[in-house]
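Shown next: coords06.pdb, given as PDB, C-alpha atoms and all ligand atoms.
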```
ATOM      1  CA  MET D   1     -60.675-134.422  54.594
ATOM      2  CA  ASN D   2     -59.095-136.701  57.118
ATOM      3  CA  LYS D   3     -57.548-139.865  55.694
ATOM      4  CA  LEU D   4     -58.621-142.708  57.946
ATOM      5  CA  LEU D   5     -56.668-145.382  56.114
ATOM      6  CA  GLU D   6     -53.631-145.104  53.870
ATOM      7  CA  VAL D   7     -52.225-148.091  52.041
ATOM      8  CA  LYS D   8     -48.761-147.281  50.744
ATOM      9  CA  ASN D   9     -46.871-149.281  48.130
ATOM     10  CA  LEU D  10     -48.275-152.531  49.459
ATOM     11  CA  THR D  11     -46.807-155.731  48.072
ATOM     12  CA  VAL D  12     -47.970-159.127  49.331
ATOM     13  CA  GLU D  13     -46.538-162.463  48.283
ATOM     14  CA  TYR D  14     -47.773-165.959  49.029
ATOM     15  CA  LYS D  15     -45.004-168.522  49.296
ATOM     16  CA  ASN D  16     -45.852-171.608  47.319
ATOM     17  CA  VAL D  17     -46.077-174.861  49.236
ATOM     18  CA  ASN D  18     -43.886-176.423  46.613
ATOM     19  CA  LYS D  19     -40.743-174.409  47.297
ATOM     20  CA  THR D  20     -39.290-175.050  43.868
ATOM     21  CA  GLU D  21     -41.893-172.726  42.376
ATOM     22  CA  SER D  22     -41.621-168.992  42.769
ATOM     23  CA  ALA D  23     -43.970-167.130  45.126
ATOM     24  CA  THR D  24     -47.256-165.640  43.910
ATOM     25  CA  THR D  25     -47.305-161.858  44.067
ATOM     26  CA  ALA D  26     -50.973-161.323  44.954
ATOM     27  CA  VAL D  27     -50.697-157.545  45.452
ATOM     28  CA  LYS D  28     -48.130-155.358  43.685
ATOM     29  CA  ASN D  29     -47.169-151.920  44.902
ATOM     30  CA  VAL D  30     -50.730-150.855  45.686
ATOM     31  CA  SER D  31     -51.421-147.406  47.135
ATOM     32  CA  PHE D  32     -54.766-145.852  47.977
ATOM     33  CA  SER D  33     -56.380-144.027  50.844
ATOM     34  CA  ILE D  34     -59.861-143.880  52.309
ATOM     35  CA  ASN D  35     -61.258-140.659  53.737
ATOM     36  CA  GLU D  36     -63.267-140.626  56.913
ATOM     37  CA  GLY D  37     -66.936-141.327  56.202
ATOM     38  CA  GLU D  38     -66.303-142.572  52.688
ATOM     39  CA  ILE D  39     -67.246-145.841  50.998
ATOM     40  CA  TYR D  40     -64.241-146.895  48.936
ATOM     41  CA  ALA D  41     -64.750-149.885  46.673
ATOM     42  CA  LEU D  42     -62.125-152.282  45.405
ATOM     43  CA  ALA D  43     -63.344-153.796  42.154
ATOM     44  CA  GLY D  44     -61.945-156.480  39.884
ATOM     45  CA  GLU D  45     -62.332-160.107  38.930
ATOM     46  CA  SER D  46     -61.790-163.037  41.213
ATOM     47  CA  GLY D  47     -58.111-163.597  41.989
ATOM     48  CA  CYS D  48     -56.966-160.007  41.361
ATOM     49  CA  GLY D  49     -55.915-159.472  44.991
ATOM     50  CA  LYS D  50     -58.874-157.738  46.659
ATOM     51  CA  SER D  51     -59.158-160.060  49.649
ATOM     52  CA  THR D  52     -55.396-160.051  50.094
ATOM     53  CA  ILE D  53     -55.533-156.281  50.602
ATOM     54  CA  ALA D  54     -58.314-156.778  53.180
ATOM     55  CA  LYS D  55     -56.180-159.415  54.902
ATOM     56  CA  ALA D  56     -53.203-157.081  55.000
ATOM     57  CA  ILE D  57     -55.316-154.306  56.535
ATOM     58  CA  THR D  58     -56.644-156.711  59.179
ATOM     59  CA  LYS D  59     -53.134-158.102  59.709
ATOM     60  CA  LEU D  60     -54.026-161.620  58.597
ATOM     61  CA  VAL D  61     -51.126-161.472  56.162
ATOM     62  CA  ILE D  62     -47.818-159.679  56.558
ATOM     63  CA  PRO D  63     -46.821-157.636  53.514
ATOM     64  CA  LYS D  64     -43.510-158.085  51.801
ATOM     65  CA  GLN D  65     -43.243-154.352  51.285
ATOM     66  CA  GLY D  66     -45.126-151.180  52.020
ATOM     67  CA  ASP D  67     -46.970-149.678  54.936
ATOM     68  CA  ILE D  68     -50.530-149.242  56.158
ATOM     69  CA  LEU D  69     -51.434-146.136  58.139
ATOM     70  CA  PHE D  70     -54.529-145.920  60.285
ATOM     71  CA  ASN D  71     -55.367-142.396  61.461
ATOM     72  CA  GLY D  72     -51.933-141.338  60.262
ATOM     73  CA  LYS D  73     -49.997-144.015  62.176
ATOM     74  CA  SER D  74     -48.333-147.128  60.834
ATOM     75  CA  ILE D  75     -50.157-150.256  62.043
ATOM     76  CA  TYR D  76     -46.790-152.019  62.207
ATOM     77  CA  ASN D  77     -44.600-149.315  63.621
ATOM     78  CA  CYS D  78     -46.590-148.303  66.716
ATOM     79  CA  SER D  79     -46.784-149.013  70.444
ATOM     80  CA  SER D  80     -47.875-152.410  71.763
ATOM     81  CA  ARG D  81     -50.950-150.731  73.233
ATOM     82  CA  GLU D  82     -51.900-149.350  69.804
ATOM     83  CA  LYS D  83     -51.332-152.781  68.269
ATOM     84  CA  LYS D  84     -53.661-154.318  70.827
ATOM     85  CA  GLU D  85     -56.336-151.667  70.239
ATOM     86  CA  TYR D  86     -56.158-151.808  66.442
ATOM     87  CA  PRO D  87     -58.616-154.714  65.906
ATOM     88  CA  LYS D  88     -61.296-152.751  67.746
ATOM     89  CA  HIS D  89     -61.012-149.964  65.173
ATOM     90  CA  VAL D  90     -61.104-152.165  62.074
ATOM     91  CA  GLN D  91     -63.598-154.970  61.640
ATOM     92  CA  MET D  92     -64.589-157.165  58.745
ATOM     93  CA  VAL D  93     -67.586-158.975  57.296
ATOM     94  CA  PHE D  94     -67.228-161.767  54.784
ATOM     95  CA  GLN D  95     -69.067-163.288  51.844
ATOM     96  CA  ASN D  96     -70.397-166.247  53.777
ATOM     97  CA  PRO D  97     -71.950-165.158  57.070
ATOM     98  CA  TYR D  98     -72.534-168.750  58.084
ATOM     99  CA  SER D  99     -68.877-169.634  58.271
ATOM    100  CA  SER D 100     -68.073-166.473  60.222
ATOM    101  CA  LEU D 101     -70.657-167.141  62.960
ATOM    102  CA  ASN D 102     -70.095-169.910  65.486
ATOM    103  CA  PRO D 103     -72.974-172.355  64.858
ATOM    104  CA  LYS D 104     -72.966-173.549  68.457
ATOM    105  CA  MET D 105     -73.514-170.113  69.953
ATOM    106  CA  LYS D 106     -76.808-168.288  70.372
ATOM    107  CA  ILE D 107     -76.937-164.844  68.777
ATOM    108  CA  GLU D 108     -76.845-163.262  72.227
ATOM    109  CA  SER D 109     -73.487-164.892  73.020
ATOM    110  CA  ILE D 110     -72.156-164.147  69.537
ATOM    111  CA  LEU D 111     -72.872-160.446  70.040
ATOM    112  CA  LYS D 112     -71.855-160.315  73.679
ATOM    113  CA  GLU D 113     -68.516-162.118  73.352
ATOM    114  CA  PRO D 114     -66.519-159.149  71.995
ATOM    115  CA  LEU D 115     -67.909-156.972  74.806
ATOM    116  CA  ASP D 116     -66.979-159.589  77.432
ATOM    117  CA  ILE D 117     -63.445-159.844  76.090
ATOM    118  CA  ASN D 118     -62.744-156.186  75.393
ATOM    119  CA  THR D 119     -64.729-154.098  77.877
ATOM    120  CA  ASP D 120     -65.477-153.742  81.582
ATOM    121  CA  LEU D 121     -69.091-152.788  80.972
ATOM    122  CA  SER D 122     -71.853-154.038  83.246
ATOM    123  CA  GLU D 123     -74.270-156.703  82.001
ATOM    124  CA  GLN D 124     -76.972-154.029  81.787
ATOM    125  CA  GLU D 125     -74.737-151.765  79.670
ATOM    126  CA  LYS D 126     -73.871-154.671  77.376
ATOM    127  CA  ARG D 127     -77.573-155.451  76.940
ATOM    128  CA  GLU D 128     -78.228-151.816  76.006
ATOM    129  CA  ILE D 129     -75.473-151.824  73.388
ATOM    130  CA  ILE D 130     -76.744-155.078  71.881
ATOM    131  CA  LYS D 131     -80.319-153.793  71.852
ATOM    132  CA  GLU D 132     -79.345-150.573  70.066
ATOM    133  CA  LEU D 133     -77.270-152.469  67.532
ATOM    134  CA  LEU D 134     -80.027-154.976  66.757
ATOM    135  CA  PHE D 135     -82.309-152.044  66.070
ATOM    136  CA  ASP D 136     -79.695-150.446  63.791
ATOM    137  CA  VAL D 137     -79.271-153.622  61.717
ATOM    138  CA  GLY D 138     -83.019-154.216  61.502
ATOM    139  CA  LEU D 139     -83.397-157.269  63.745
ATOM    140  CA  GLU D 140     -85.890-157.998  66.519
ATOM    141  CA  GLU D 141     -84.684-158.685  70.026
ATOM    142  CA  SER D 142     -86.229-162.140  69.809
ATOM    143  CA  VAL D 143     -83.291-163.235  67.599
ATOM    144  CA  LEU D 144     -81.031-163.310  70.667
ATOM    145  CA  ASN D 145     -82.243-166.747  71.728
ATOM    146  CA  LEU D 146     -81.729-168.348  68.342
ATOM    147  CA  TYR D 147     -78.763-170.028  66.612
ATOM    148  CA  PRO D 148     -77.229-168.942  63.281
ATOM    149  CA  HIS D 149     -78.724-171.886  61.340
ATOM    150  CA  GLN D 150     -82.218-170.629  62.189
ATOM    151  CA  PHE D 151     -81.804-167.616  59.911
ATOM    152  CA  SER D 152     -81.859-166.929  56.183
ATOM    153  CA  GLY D 153     -78.674-165.772  54.451
ATOM    154  CA  GLY D 154     -79.710-162.126  54.560
ATOM    155  CA  GLN D 155     -80.587-162.228  58.261
ATOM    156  CA  ARG D 156     -77.310-163.980  59.009
ATOM    157  CA  GLN D 157     -75.429-161.259  57.201
ATOM    158  CA  ARG D 158     -77.225-158.698  59.402
ATOM    159  CA  ILE D 159     -76.036-160.630  62.443
ATOM    160  CA  ALA D 160     -72.471-160.758  61.092
ATOM    161  CA  ILE D 161     -72.613-156.999  60.499
ATOM    162  CA  ALA D 162     -73.933-156.462  64.030
ATOM    163  CA  ARG D 163     -71.101-158.518  65.445
ATOM    164  CA  ALA D 164     -68.544-156.576  63.415
ATOM    165  CA  LEU D 165     -69.949-153.280  64.716
ATOM    166  CA  ILE D 166     -70.344-154.169  68.379
ATOM    167  CA  LEU D 167     -67.082-152.524  69.470
ATOM    168  CA  LYS D 168     -67.858-149.423  67.382
ATOM    169  CA  PRO D 169     -65.080-149.705  64.806
ATOM    170  CA  GLU D 170     -64.336-146.691  62.604
ATOM    171  CA  LEU D 171     -63.513-148.814  59.561
ATOM    172  CA  LEU D 172     -65.640-151.697  58.321
ATOM    173  CA  ILE D 173     -64.228-153.927  55.618
ATOM    174  CA  ALA D 174     -66.965-155.736  53.716
ATOM    175  CA  ASP D 175     -65.459-158.435  51.477
ATOM    176  CA  GLU D 176     -68.071-159.547  48.919
ATOM    177  CA  PRO D 177     -70.761-159.205  51.603
ATOM    178  CA  VAL D 178     -73.691-159.754  49.229
ATOM    179  CA  SER D 179     -72.192-162.133  46.670
ATOM    180  CA  ALA D 180     -73.822-165.191  48.228
ATOM    181  CA  LEU D 181     -77.253-163.573  48.516
ATOM    182  CA  ASP D 182     -80.289-163.395  46.206
ATOM    183  CA  ALA D 183     -80.646-160.156  44.261
ATOM    184  CA  SER D 184     -83.613-158.895  46.315
ATOM    185  CA  ILE D 185     -81.754-159.527  49.560
ATOM    186  CA  GLN D 186     -78.576-157.970  48.159
ATOM    187  CA  ALA D 187     -80.371-154.635  47.840
ATOM    188  CA  GLN D 188     -81.526-154.800  51.456
ATOM    189  CA  ILE D 189     -78.033-155.430  52.786
ATOM    190  CA  LEU D 190     -76.559-152.690  50.590
ATOM    191  CA  ASN D 191     -79.174-150.270  51.907
ATOM    192  CA  LEU D 192     -78.326-151.336  55.417
ATOM    193  CA  LEU D 193     -74.636-150.589  54.854
ATOM    194  CA  LYS D 194     -75.556-147.155  53.496
ATOM    195  CA  ASP D 195     -77.733-146.468  56.547
ATOM    196  CA  LEU D 196     -75.094-147.684  58.965
ATOM    197  CA  LYS D 197     -72.467-145.500  57.350
ATOM    198  CA  LEU D 198     -74.500-142.428  58.296
ATOM    199  CA  LYS D 199     -75.944-143.602  61.585
ATOM    200  CA  ARG D 200     -72.718-144.935  63.022
ATOM    201  CA  LYS D 201     -70.301-142.609  61.185
ATOM    202  CA  LEU D 202     -68.624-145.542  59.506
ATOM    203  CA  THR D 203     -65.950-145.577  56.872
ATOM    204  CA  ILE D 204     -66.268-148.622  54.615
ATOM    205  CA  LEU D 205     -63.883-150.537  52.400
ATOM    206  CA  PHE D 206     -66.292-152.386  50.153
ATOM    207  CA  ILE D 207     -64.952-155.262  48.086
ATOM    208  CA  SER D 208     -66.845-156.745  45.175
ATOM    209  CA  HIS D 209     -66.342-158.254  41.734
ATOM    210  CA  ASP D 210     -69.805-156.929  40.784
ATOM    211  CA  MET D 211     -69.843-153.411  39.320
ATOM    212  CA  ASN D 212     -73.628-153.179  39.720
ATOM    213  CA  VAL D 213     -73.320-153.643  43.423
ATOM    214  CA  ILE D 214     -70.420-151.196  43.581
ATOM    215  CA  LYS D 215     -72.347-148.593  41.596
ATOM    216  CA  TYR D 216     -75.038-148.658  44.223
ATOM    217  CA  LEU D 217     -72.938-147.460  47.116
ATOM    218  CA  ALA D 218     -69.331-146.545  46.329
ATOM    219  CA  ASP D 219     -68.073-142.981  46.637
ATOM    220  CA  ARG D 220     -64.742-143.837  45.008
ATOM    221  CA  ILE D 221     -63.510-146.928  43.224
ATOM    222  CA  GLY D 222     -60.133-148.571  42.765
ATOM    223  CA  VAL D 223     -60.161-151.049  39.885
ATOM    224  CA  MET D 224     -57.747-153.936  40.354
ATOM    225  CA  TYR D 225     -56.157-156.090  37.706
ATOM    226  CA  TYR D 226     -53.592-158.779  38.468
ATOM    227  CA  GLY D 227     -52.620-157.380  41.844
ATOM    228  CA  GLU D 228     -52.496-153.710  40.884
ATOM    229  CA  ILE D 229     -54.881-150.773  41.041
ATOM    230  CA  ILE D 230     -55.015-149.756  37.406
ATOM    231  CA  GLU D 231     -57.660-147.043  37.671
ATOM    232  CA  GLU D 232     -59.010-144.993  40.542
ATOM    233  CA  ASN D 233     -61.628-142.285  40.558
ATOM    234  CA  TYR D 234     -64.948-141.048  41.872
ATOM    235  CA  ALA D 235     -67.636-143.652  41.257
ATOM    236  CA  GLY D 236     -69.603-141.450  38.864
ATOM    237  CA  THR D 237     -66.509-140.843  36.741
ATOM    238  CA  VAL D 238     -65.511-144.516  36.615
ATOM    239  CA  PHE D 239     -68.972-145.429  35.354
ATOM    240  CA  ARG D 240     -69.360-142.530  32.927
ATOM    241  CA  LEU D 241     -65.809-142.135  31.671
ATOM    242  CA  PRO D 242     -63.773-145.259  32.373
ATOM    243  CA  LYS D 243     -60.172-144.704  31.255
ATOM    244  CA  GLU D 244     -58.793-148.205  31.012
ATOM    245  CA  GLU D 245     -59.919-150.841  28.538
ATOM    246  CA  TYR D 246     -60.082-153.329  31.387
ATOM    247  CA  THR D 247     -62.501-151.138  33.345
ATOM    248  CA  LYS D 248     -64.721-150.890  30.263
ATOM    249  CA  THR D 249     -64.675-154.673  29.943
ATOM    250  CA  LEU D 250     -65.578-155.025  33.594
ATOM    251  CA  LEU D 251     -68.487-152.593  33.185
ATOM    252  CA  ASN D 252     -69.765-154.417  30.116
ATOM    253  CA  ALA D 253     -69.359-157.847  31.643
ATOM    254  CA  VAL D 254     -72.081-157.486  34.224
ATOM    255  CA  PRO D 255     -75.733-158.047  33.468
ATOM    256  CA  LYS D 256     -77.765-154.991  34.424
ATOM    257  CA  LEU D 257     -79.507-155.654  37.680
ATOM    258  CA  LYS D 258     -82.256-153.434  38.998
ATOM    259  CA  ILE D 259     -81.802-152.398  42.605
TER     260      ILE D 259
HETATM  261  N1  LIG W 301     -53.401-168.398  51.044
HETATM  262  C1  LIG W 301     -52.965-168.294  49.784
HETATM  263  N2  LIG W 301     -51.875-168.994  49.368
HETATM  264  C2  LIG W 301     -51.423-168.869  48.085
HETATM  265  N3  LIG W 301     -51.978-168.077  47.164
HETATM  266  C3  LIG W 301     -53.057-167.360  47.531
HETATM  267  C4  LIG W 301     -53.609-167.441  48.855
HETATM  268  N4  LIG W 301     -54.685-166.587  48.906
HETATM  269  C5  LIG W 301     -54.803-166.037  47.694
HETATM  270  N5  LIG W 301     -53.833-166.498  46.860
HETATM  271  C6  LIG W 301     -53.629-166.065  45.464
HETATM  272  O1  LIG W 301     -53.433-164.655  45.463
HETATM  273  C7  LIG W 301     -54.110-164.047  44.376
HETATM  274  C8  LIG W 301     -55.098-163.019  44.895
HETATM  275  O2  LIG W 301     -56.118-163.684  45.640
HETATM  276  P1  LIG W 301     -57.255-162.917  46.413
HETATM  277  O3  LIG W 301     -56.640-161.801  47.174
HETATM  278  O4  LIG W 301     -58.047-163.905  47.162
HETATM  279  O5  LIG W 301     -58.124-162.304  45.210
HETATM  280  P2  LIG W 301     -59.645-161.814  45.154
HETATM  281  O6  LIG W 301     -60.112-161.549  46.539
HETATM  282  O7  LIG W 301     -59.603-160.588  44.285
HETATM  283  O8  LIG W 301     -60.423-162.908  44.493
HETATM  284  C9  LIG W 301     -54.736-165.188  43.575
HETATM  285  O9  LIG W 301     -53.850-165.541  42.547
HETATM  286  C10 LIG W 301     -54.855-166.291  44.591
HETATM  287  O10 LIG W 301     -54.814-167.557  43.968
HETATM  288 MG    MG W 302     -61.814-162.368  47.521
END
```
Translate this file's structure into structure tokens.
Amino acid sequence: MNKLLEVKNLTVEYKNVNKTESATTAVKNVSFSINEGEIYALAGESGCGKSTIAKAITKLVIPKQGDILFNGKSIYNCSSREKKEYPKHVQMVFQNPYSSLNPKMKIESILKEPLDINTDLSEQEKREIIKELLFDVGLEESVLNLYPHQFSGGQRQRIAIARALILKPELLIADEPVSALDASIQAQILNLLKDLKLKRKLTILFISHDMNVIKYLADRIGVMYYGEIIEENYAGTVFRLPKEEYTKTLLNAVPKLKI
């Protein structure tokens, strides 16, 4: 199996504003890899370092130590052309789709902007890509003339997913993508991610504090605790035979939700 992403001995520190205090080590010597076509979930309570790993992979933070390989190549130690191309291969969706969509732009512009910036496609070709993508995320073409505030949370998350996928990334990072949504809508978005994984041959890094949500779609799970991955295994094994006491606590902490 081809490893699409390899995180190797990643350590990330946040310098404290008050320089007299020591820095916070948000991620400590974390290693894991994600195979092509897999949904890998990072689990763990709020503050354990999940988003920091996502930020390191998307280059929003610079690690203190370690390396990240995409398709076998370091994302730091590569050509300037590869550095420029990297964001097209790795895209992210966030917990709050409203804050990630420009409220002043119509959906059409929101979806078209990455194509305008990154491609030389004709207007007709761009329209075709947008049309196909809307279909894939379960939205009508009529949404193109509307603004983000005219949608429900679930619909907005579909739009945010569409925007993330417009340049056909191989890796999608979904950081708590359903945590702000009602339970019934959560299931719809999780189903959508499952569908998209197959339809668009996506590999997904799925981040959630909610083991119920993770159970629904993860192939493998890395359980984080205070900046470290303390347990990693196939999803079925983590749920049936958790090794660490912390993982057991995490599994018992969540109310059972039917999806
Ligand atoms: N920009 C930041 N500056 C300082 N500390 C931060 C910053 N972002 C996160 N942290 C700290 O790093 C740790 C990990 O945070 P985060 O990666 O957001 O965890 P999670 O996504 O699992 O909730 C926490 O202790 C958090 O307070
Ligand atoms: Mg987070």
For chain D versus ligand MG 302 (chain W), which residues have an atom no more than 8 Å away, and what is each residue's nearest atom pair and distance in Å rounded to one decimal, using only C-alpha atoms and all ligand atoms, chain-then-number order, as JSON lines?
```
{"residue": "D:Ser46", "atom": "CA", "partner": "W:MG302", "partner_atom": "MG", "distance": 6.3}
{"residue": "D:Gly47", "atom": "CA", "partner": "W:MG302", "partner_atom": "MG", "distance": 6.8}
{"residue": "D:Gly49", "atom": "CA", "partner": "W:MG302", "partner_atom": "MG", "distance": 7.0}
{"residue": "D:Lys50", "atom": "CA", "partner": "W:MG302", "partner_atom": "MG", "distance": 5.6}
{"residue": "D:Ser51", "atom": "CA", "partner": "W:MG302", "partner_atom": "MG", "distance": 4.1}
{"residue": "D:Thr52", "atom": "CA", "partner": "W:MG302", "partner_atom": "MG", "distance": 7.3}
{"residue": "D:Asp175", "atom": "CA", "partner": "W:MG302", "partner_atom": "MG", "distance": 6.7}
{"residue": "D:Glu176", "atom": "CA", "partner": "W:MG302", "partner_atom": "MG", "distance": 7.0}
{"residue": "D:Ile207", "atom": "CA", "partner": "W:MG302", "partner_atom": "MG", "distance": 7.8}
{"residue": "D:Ser208", "atom": "CA", "partner": "W:MG302", "partner_atom": "MG", "distance": 7.9}
```
Output the selection as a PDB file, keeping the file's coordinate frame - C-alpha atoms for each residue.
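Heads up, here's the output in part36.pdb:
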```pdb
ATOM      1  CA  SER D  46     -61.790-163.037  41.213  1.00  0.00           C
ATOM      2  CA  GLY D  47     -58.111-163.597  41.989  1.00  0.00           C
ATOM      3  CA  GLY D  49     -55.915-159.472  44.991  1.00  0.00           C
ATOM      4  CA  LYS D  50     -58.874-157.738  46.659  1.00  0.00           C
ATOM      5  CA  SER D  51     -59.158-160.060  49.649  1.00  0.00           C
ATOM      6  CA  THR D  52     -55.396-160.051  50.094  1.00  0.00           C
ATOM      7  CA  ASP D 175     -65.459-158.435  51.477  1.00  0.00           C
ATOM      8  CA  GLU D 176     -68.071-159.547  48.919  1.00  0.00           C
ATOM      9  CA  ILE D 207     -64.952-155.262  48.086  1.00  0.00           C
ATOM     10  CA  SER D 208     -66.845-156.745  45.175  1.00  0.00           C
TER      11      SER D 208
END
```
How big is the axis-aligned box around the listed atoms of ligand LIG 301 (chain W) once 4 Å is added on each side, and where is its centre? Give both in Å to one decimal, as JSON.
```
{"center_x": -55.9, "center_y": -164.8, "center_z": 46.8, "size_x": 17.0, "size_y": 16.4, "size_z": 16.5}
```
From (-63.3, -149.0, 66.7), in the file's coordinates, out to 12 Å: which residues are reached, counting all atoms listed in the file? Answer as a count of residues only. 28
I'd like the neighbourhood of D:Asp67 as a list in words, where a residue qualifies if any of its atoms comes within 7 Å (using only C-alpha atoms), though same-chain residues fewer than 5 positions away should be ignored. Val7, Lys8, Asn9, Leu10 and Ser74 of chain D
Check which residues satisfy the PyMOL selection byres (((not hetatm)) within 10 of (chain W and resi 301)) in the file shown, then give them as a PyMOL selection string. chain D and resi 12-17+23-27+42-56+61+175-176+207-209+224-227
Skipping near chain neighbours, those fewer than 4 positions away, what residues fall within 12 Å of D:Asn252 using all atoms listed in the file, listed as an NGL selection string? :D and (210-212 or 239 or 242 or 245-248 or 256)
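Neighbours of D:Arg127 closer than or equal to 12 Å, with all atoms listed in the file counted and sequence neighbours fewer than 4 positions away skipped, come out as Glu108, Ser109, Leu111, Lys112, Glu113, Leu115, Asp116, Leu121, Ser122, Glu123, Lys131, Glu132, Leu133, Leu134, Glu141, Leu144 and Ile166 of chain D.
Pairwise distance (atom CA of D:Ser33, atom CA of D:Leu190) equals 22.0 Å.
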Decode the PyMOL selection byres (((chain D and resi 2) around 9) and not hetatm) for the given file into explicit residues and return them as a PyMOL selection string. chain D and resi 1+3-4+34-36+71
Determine the residue membership of the PyMOL selection byres (((chain D and resi 183) around 12) and not hetatm) for the file above and supply it as a PDB file with C-alpha atoms, in the coordinates of the input.
```
ATOM      1  CA  GLY D 153     -78.674-165.772  54.451  1.00  0.00           C
ATOM      2  CA  GLY D 154     -79.710-162.126  54.560  1.00  0.00           C
ATOM      3  CA  VAL D 178     -73.691-159.754  49.229  1.00  0.00           C
ATOM      4  CA  SER D 179     -72.192-162.133  46.670  1.00  0.00           C
ATOM      5  CA  ALA D 180     -73.822-165.191  48.228  1.00  0.00           C
ATOM      6  CA  LEU D 181     -77.253-163.573  48.516  1.00  0.00           C
ATOM      7  CA  ASP D 182     -80.289-163.395  46.206  1.00  0.00           C
ATOM      8  CA  SER D 184     -83.613-158.895  46.315  1.00  0.00           C
ATOM      9  CA  ILE D 185     -81.754-159.527  49.560  1.00  0.00           C
ATOM     10  CA  GLN D 186     -78.576-157.970  48.159  1.00  0.00           C
ATOM     11  CA  ALA D 187     -80.371-154.635  47.840  1.00  0.00           C
ATOM     12  CA  GLN D 188     -81.526-154.800  51.456  1.00  0.00           C
ATOM     13  CA  ILE D 189     -78.033-155.430  52.786  1.00  0.00           C
ATOM     14  CA  LEU D 190     -76.559-152.690  50.590  1.00  0.00           C
ATOM     15  CA  ASP D 210     -69.805-156.929  40.784  1.00  0.00           C
ATOM     16  CA  ASN D 212     -73.628-153.179  39.720  1.00  0.00           C
ATOM     17  CA  VAL D 213     -73.320-153.643  43.423  1.00  0.00           C
ATOM     18  CA  LYS D 256     -77.765-154.991  34.424  1.00  0.00           C
ATOM     19  CA  LEU D 257     -79.507-155.654  37.680  1.00  0.00           C
ATOM     20  CA  LYS D 258     -82.256-153.434  38.998  1.00  0.00           C
ATOM     21  CA  ILE D 259     -81.802-152.398  42.605  1.00  0.00           C
TER      22      ILE D 259
END
```
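For the atom pair formed by atom CA of D:Lys194 and atom CA of D:Ile230, the distance is 26.2 Å, given to one decimal.
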May I have the residues within 7 Å of D:Glu228 as an mmCIF file with C-alpha atoms, in the frame of the given file, using all atoms listed in the file and disregarding those fewer than 5 positions away in the same chain?
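Generated file (out_6.cif):
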```
data_model
loop_
_atom_site.group_PDB
_atom_site.id
_atom_site.type_symbol
_atom_site.label_atom_id
_atom_site.label_comp_id
_atom_site.auth_asym_id
_atom_site.auth_seq_id
_atom_site.Cartn_x
_atom_site.Cartn_y
_atom_site.Cartn_z
ATOM 1 C CA VAL D 27 -50.697 -157.545 45.452
ATOM 2 C CA LYS D 28 -48.130 -155.358 43.685
ATOM 3 C CA ASN D 29 -47.169 -151.920 44.902
ATOM 4 C CA VAL D 30 -50.730 -150.855 45.686
#
```
Give me the residues within 7 Å of D:Tyr40 as a list in words, counting all atoms listed in the file and dropping any in the same chain fewer than 4 places off. Ile34, Ile204, Leu205, Phe206, Ala218, Asp219, Arg220 and Ile221 of chain D
Using all atoms listed in the file for the distances, tell me which of D:Val137, D:Ile107, D:Ile117, D:Leu69 is nearest to D:His149. D:Ile107
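Shortest atom-to-atom contact with D:Gly138 among D:Ala174, D:Leu241, D:Leu101, D:Leu193: D:Leu193, counting only C-alpha atoms.
Taking atom CA of D:Ile173 and atom CA of D:Ile161 as endpoints, the distance between them is 10.2 Å.
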Residue nearest D:Asn96 among D:Gly66, D:Gly236, D:Pro177, D:Gly37 (counting all atoms listed in the file): D:Pro177
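With distances restricted to all atoms listed in the file, D:Leu139 is the closest residue to D:Leu192 from D:Val223, D:Ile129, D:Leu139, D:Val238.
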